[in-house]
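**Student:** Have a look at this one before I ask anything.
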Amino acid sequence: MGRPVISLLTDFGARDPSAGILHGVILGIAPDASIVDISHEVRKFAIRDGALLLWCALPYLPVGVHVAVVDPGVGTERRPVAIRTARGDLLVGPDNGLLMGGAARLGGPTAAHLLTASEYRLPVVSTSFHGRDIFAPAAAHLAMGVEVERLGPTIDPASLVASPIPEPEVADAILRTSAVYVDTFGNVKIAATRQDLERAVGPLAAGDRLAVVIDGAEPIDIPWRATFGEAAAGALLLYEDSYGRVCLAANQRDAAGRLGLVEDTSVEVRRA
Amino acid sequence: MGRPVISLLTDFGARDPSAGILHGVILGIAPDASIVDISHEVRKFAIRDGALLLWCALPYLPVGVHVAVVDPGVGTERRPVAIRTARGDLLVGPDNGLLMGGAARLGGPTAAHLLTASEYRLPVVSTSFHGRDIFAPAAAHLAMGVEVERLGPTIDPASLVASPIPEPEVADAILRTSAVYVDTFGNVKIAATRQDLERAVGPLAAGDRLAVVIDGAEPIDIPWRATFGEAAAGALLLYEDSYGRVCLAANQRDAAGRLGLVEDTSVEVRRA
Amino acid sequence: MGRPVISLLTDFGARDPSAGILHGVILGIAPDASIVDISHEVRKFAIRDGALLLWCALPYLPVGVHVAVVDPGVGTERRPVAIRTARGDLLVGPDNGLLMGGAARLGGPTAAHLLTASEYRLPVVSTSFHGRDIFAPAAAHLAMGVEVERLGPTIDPASLVASPIPEPEVADAILRTSAVYVDTFGNVKIAATRQDLERAVGPLAAGDRLAVVIDGAEPIDIPWRATFGEAAAGALLLYEDSYGRVCLAANQRDAAGRLGLVEDTSVEVRRA
């Protein structure tokens with residue numbers, strides 16, 4: 001048995017001590033855990049951003065316990081859960097859809113449990129920091145080998161709140177979707193995989209010209225590229241990102257800023 | 001004996017390599033240390049912010065060695081110190097008040113030492129990066145089991161610079177205090193615990209109406225809440241945060257931005 | 001044999017999951033690695049910034065494998081390489097100059113290899129995320145003891161792209177150079193060491209008055225200081241930073257903002 005891996009994704013921000021406190025709570029219970037910080041800079045309360053980042057990241061992490069906390073409903077009726085996946089991971093966090101994109105990428109949920117057993121929480125549970133009081137301790141105990149069944153009653157995976165990551169609409173040789181994530185380079189992920197886009201417009205090859213309608217404006221002619229290097233510095237491109245999703249970018253520039261694209265802006269793509 | 005825990009809190013910023021260098025220096029001396037980053041984004045030179053974050057975080061970390069560096073006086077006469085606490089931790093950093101809030105939460109200082117022994121510093125000590133040259137090596141040697149007495153002469157804990165975290169004034173059914181920390185959500189910690197506020201206005205229950213005077217302006221009527229969920233999205237609330245401190249917030253919004261609250265703005269609270 | 005150390009420096013940003021994914025890929029191959037994050041907030045595409053930060057940081061890290069990814073040429077012909085240094089480290093990243101400042105500080109390159117062997121890459125190599133698909137797996141395998149020769153053919157270290165860190169010009173008792181890095185405090189590193197400056201103006205002592213010409217404007221009289229503490233709060237100073245480089249700063253203030261200094265602004269220094 002090697003060291004257990006526990007990953008963390010939150011919207012806590014790097015300045016506040018909250019993420020470090022999760023590390024502290026975990027190491028107090030599971031001193032040998034390897035902790036991976038996926039991100040603590042998820043947009044505040046943006047469950048969908050968090051879900052998408054888990055979707056991207058989890059397949060590249062070792063089998064382990066993955067804690068995610070983007071939790072506008074903390075202190076309300078929303079359920080604290082642990083979800084087992086087909087790959088063998090356990091996902092821990094609020095039942096608000098946040099965990100579902102990642103679970104799908106790990107083979108889907110095979111079981112789910114509420115996190116209600118007080119012996120696997122901190123002695124005092126606050127109303128506003130369940131990451132510290134419920135989720136981190138649960139993850140650490142799971143990493144130490146506690147059976148998930150002991151943390152609380154089983155629930156039907158079908159009852160879990162669905163993933164907030166939207167599916168694109170494919171119709172009349174047009175892909176209709178929206179921007180779902182603007183990364184720190186200004187590259188824009190739209191809610192579609194390359195497969196989705198090819199279902200709409202047919203097989204894509206480097207250099208194919210596509211017409212992109214952003215927020216209902218005039219179409220922009222943007223080429224499909226296999227690599228950034230095929231585009232001149234500053235030139236726009238559509239490409240399959242390293243996760244298989246369709247992205248809009250400008251080589252070595254901030255495409256989102258240039259095109260006025262933010263999360264939820266509508267985007268349509270057809271052949272030019 | 002498990003792996004020793006060393007925590008770090010600085011105002012070095014995530015872009016510069018300084019925090020990573022602390023990790024490197026520590027691992028060169030204590031290869032098996034578990035390093036917890038509490039924050040490296042403390043406001044530049046804001047000793048009080050750092051002190052407050054340690055106050056929040058340290059009770060949730062395992063017993064260990066805790067390094068903090070917010071050090072506008074680096075290269076002056078201010079003393080480099082290690083403080084032993086009643087809980088068994090060692091706090092390492094400049095003697096400028098930074099360590100005292102955290103020490104108080106770990107049972108208070110029971111001993112203090114100067115960090116003067118050259119064999120526990122890097123071979124060359126710069127005038128501007130004592131985190132790297134003095135504090136990180138000291139912490140790593142302490143984590144490896146070196147007795148704190150060997151790092152330098154004992155000093156009287158009563159001679160240490162006091163904590164910069166202000167105490168509130170309770171008088172005439174009014175709590176007079178100020179904002180001490182605006183977190184990354186825009187929630188505002190005021191310099192008071194729930195106990196302080198209840199000494200002023202009596203026992204608090206969810207829904208109690210309080211009058212809050214910010215920077216001498218007209219009072220604002222803000223309810224006391226037990227959970228964020230009791231407030232509508234965007235509504236203001238006063239609540240006991242997960243550390244027992246009184247906070248001013250707006251559910252899922254940036255209260256500090258909306259109310260023009262920054263650190264040190266005066267805040268008075270009485271019953272409405 | 002202790003735990004191997006792997007350091008990471010990228011321009012991926014803390015919000016995106018890319019840096020966490022590198023951790024995940026590494027731990028999947030080298031579960032016992034100690035991973036040190038030097039920075040993931042290098043200015044986007046700024047190879048020189050990354051090179052300078054490695055120059056600063058690597059001497060303070062244990063001998064290990066150091067991965068750096070600032071890679072505007074990802075997906076083009078630029079070569080993926082591992083460089084062995086005289087100190088015994090291995091530096092892994094794109095052959096674009098990024099690794100060369102750090103290599104020089106570790107005794108210089110003694111050998112170099114292409115990273116072409118598919119068994120030490122992820123099964124699918126994308127066109128835009130070689131950090132994940134090539135560099136992190138290479139580093140993890142090297143940390144596990146795989147001989148660098150097995151990762152790909154040897155290349156001549158003299159063929160590697162040179163360091164982008166400029167050298168100053170010393171002439172007529174004037175040092176002519178430029179700003180190379182503005183740190184998060186607003187301190188400005190210029191492209192010169194103390195030795196460079198002393199070759200131009202002779203031996204320096206605290207209090208010596210220097211005339212600094214920024215971007216061709218009127219000279220500003222700025223004293224040389226041994227410590228920040230010698231300068232009043234807010235006062236400008238020139239000093240030898242903790243890496244031996246010449247810096248322009250304002251005690252506890254943002255000198256770069258005040259003087260309008262950004263990377264590449266020309267700076268000349270002579271005696272006043």
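Chain labels follow the order of the structure tokens: the first chain is A, the next B, and so on; residue numbering restarts at 1 in every chain, and ligands are counted from 1 in their shown order.
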Identify, on the basis of only C-alpha atoms, every residue whose closest approach to region 104-112 of chain B does not exceed 12 Å; exclude the query and any residue fewer than 4 positions from it along the same chain; express the result as number ranges by chain.

**Tutor:** B: 51-64, 66, 79-95, 97-100, 148-149, 151-163, 165, 243

**Student:** Residues of chain C within 12 Å of chain A, counting only C-alpha atoms - could you list those as a count of residues only?

**Tutor:** 57

**Student:** Within 6 Å of region 206-217 of chain B, counting only C-alpha atoms, which residues qualify if same-chain residues fewer than 4 places away don't, as JSON, numbers by chain?

**Tutor:** {"B": [221, 222, 223, 224, 225, 226, 265, 266, 267, 268, 269, 270, 271, 272]}

**Student:** I need the strand (DSSP E or B) residues of region 40-171 of chain B per DSSP on the backbone, written as a PDB file with C-alpha atoms, in the first residue's frame.

**Tutor:**
```pdb
ATOM      1  CA  VAL B  65       6.526  23.946  13.457  1.00  0.00           C
ATOM      2  CA  HIS B  66       4.799  27.005  12.027  1.00  0.00           C
ATOM      3  CA  VAL B  67       6.780  29.568  10.067  1.00  0.00           C
ATOM      4  CA  ALA B  68       5.331  33.012   9.377  1.00  0.00           C
ATOM      5  CA  VAL B  69       7.033  35.825   7.530  1.00  0.00           C
ATOM      6  CA  PRO B  80      14.210  36.508  14.844  1.00  0.00           C
ATOM      7  CA  VAL B  81      12.469  34.185  17.301  1.00  0.00           C
ATOM      8  CA  ALA B  82      11.053  30.739  17.989  1.00  0.00           C
ATOM      9  CA  ILE B  83       8.148  30.550  20.427  1.00  0.00           C
ATOM     10  CA  ARG B  84       7.063  27.361  22.155  1.00  0.00           C
ATOM     11  CA  THR B  85       3.344  27.053  22.857  1.00  0.00           C
ATOM     12  CA  LEU B  90       6.991  25.917  17.771  1.00  0.00           C
ATOM     13  CA  LEU B  91       6.280  29.231  16.008  1.00  0.00           C
ATOM     14  CA  VAL B  92       9.137  30.691  13.987  1.00  0.00           C
ATOM     15  CA  GLY B  93       9.389  34.181  12.504  1.00  0.00           C
ATOM     16  CA  PRO B  94      10.092  37.842  13.243  1.00  0.00           C
ATOM     17  CA  PRO B 109       3.737  31.056  24.724  1.00  0.00           C
ATOM     18  CA  THR B 110       5.596  28.971  27.281  1.00  0.00           C
ATOM     19  CA  ALA B 111       9.130  29.865  26.159  1.00  0.00           C
ATOM     20  CA  ALA B 112      10.906  31.908  23.515  1.00  0.00           C
ATOM     21  CA  HIS B 113      14.340  31.838  21.940  1.00  0.00           C
ATOM     22  CA  LEU B 114      16.360  34.031  19.637  1.00  0.00           C
ATOM     23  CA  THR B 154      16.183  32.095  25.793  1.00  0.00           C
ATOM     24  CA  ILE B 155      14.251  35.340  26.033  1.00  0.00           C
ATOM     25  CA  GLU B 169     -14.789  48.278  23.101  1.00  0.00           C
ATOM     26  CA  VAL B 170     -18.015  47.227  24.804  1.00  0.00           C
ATOM     27  CA  ALA B 171     -20.024  50.100  26.348  1.00  0.00           C
TER      28      ALA B 171
END
```

**Student:** Just the helix (DSSP H, G or I) stuff from region 48-168 of chain A, please, per backbone DSSP, written as a VMD selection string.

**Tutor:** chain A and resid 48 to 60 100 to 105 118 to 120 130 to 143 148 to 151 157 to 159

**Student:** One decimal, in Å: what's the spacing between CA of Arg48 (chain B) and CA of Pro164 (chain B)?

**Tutor:**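 Computed distance, CA of Arg48 (chain B) to CA of Pro164 (chain B), equals 5.3 Å.
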
**Student:** So how many Å separate CA of Ala250 (chain B) and CA of Val180 (chain A), to one decimal?

**Tutor:**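 Interatomic distance here is 26.0 Å.
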
**Student:** In Å to one decimal, how far is CA of Glu218 (chain C) from CA of Val201 (chain C)?

**Tutor:**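 Answer for the CA of Val201 (chain C) to CA of Glu218 (chain C) separation: 19.1 Å.
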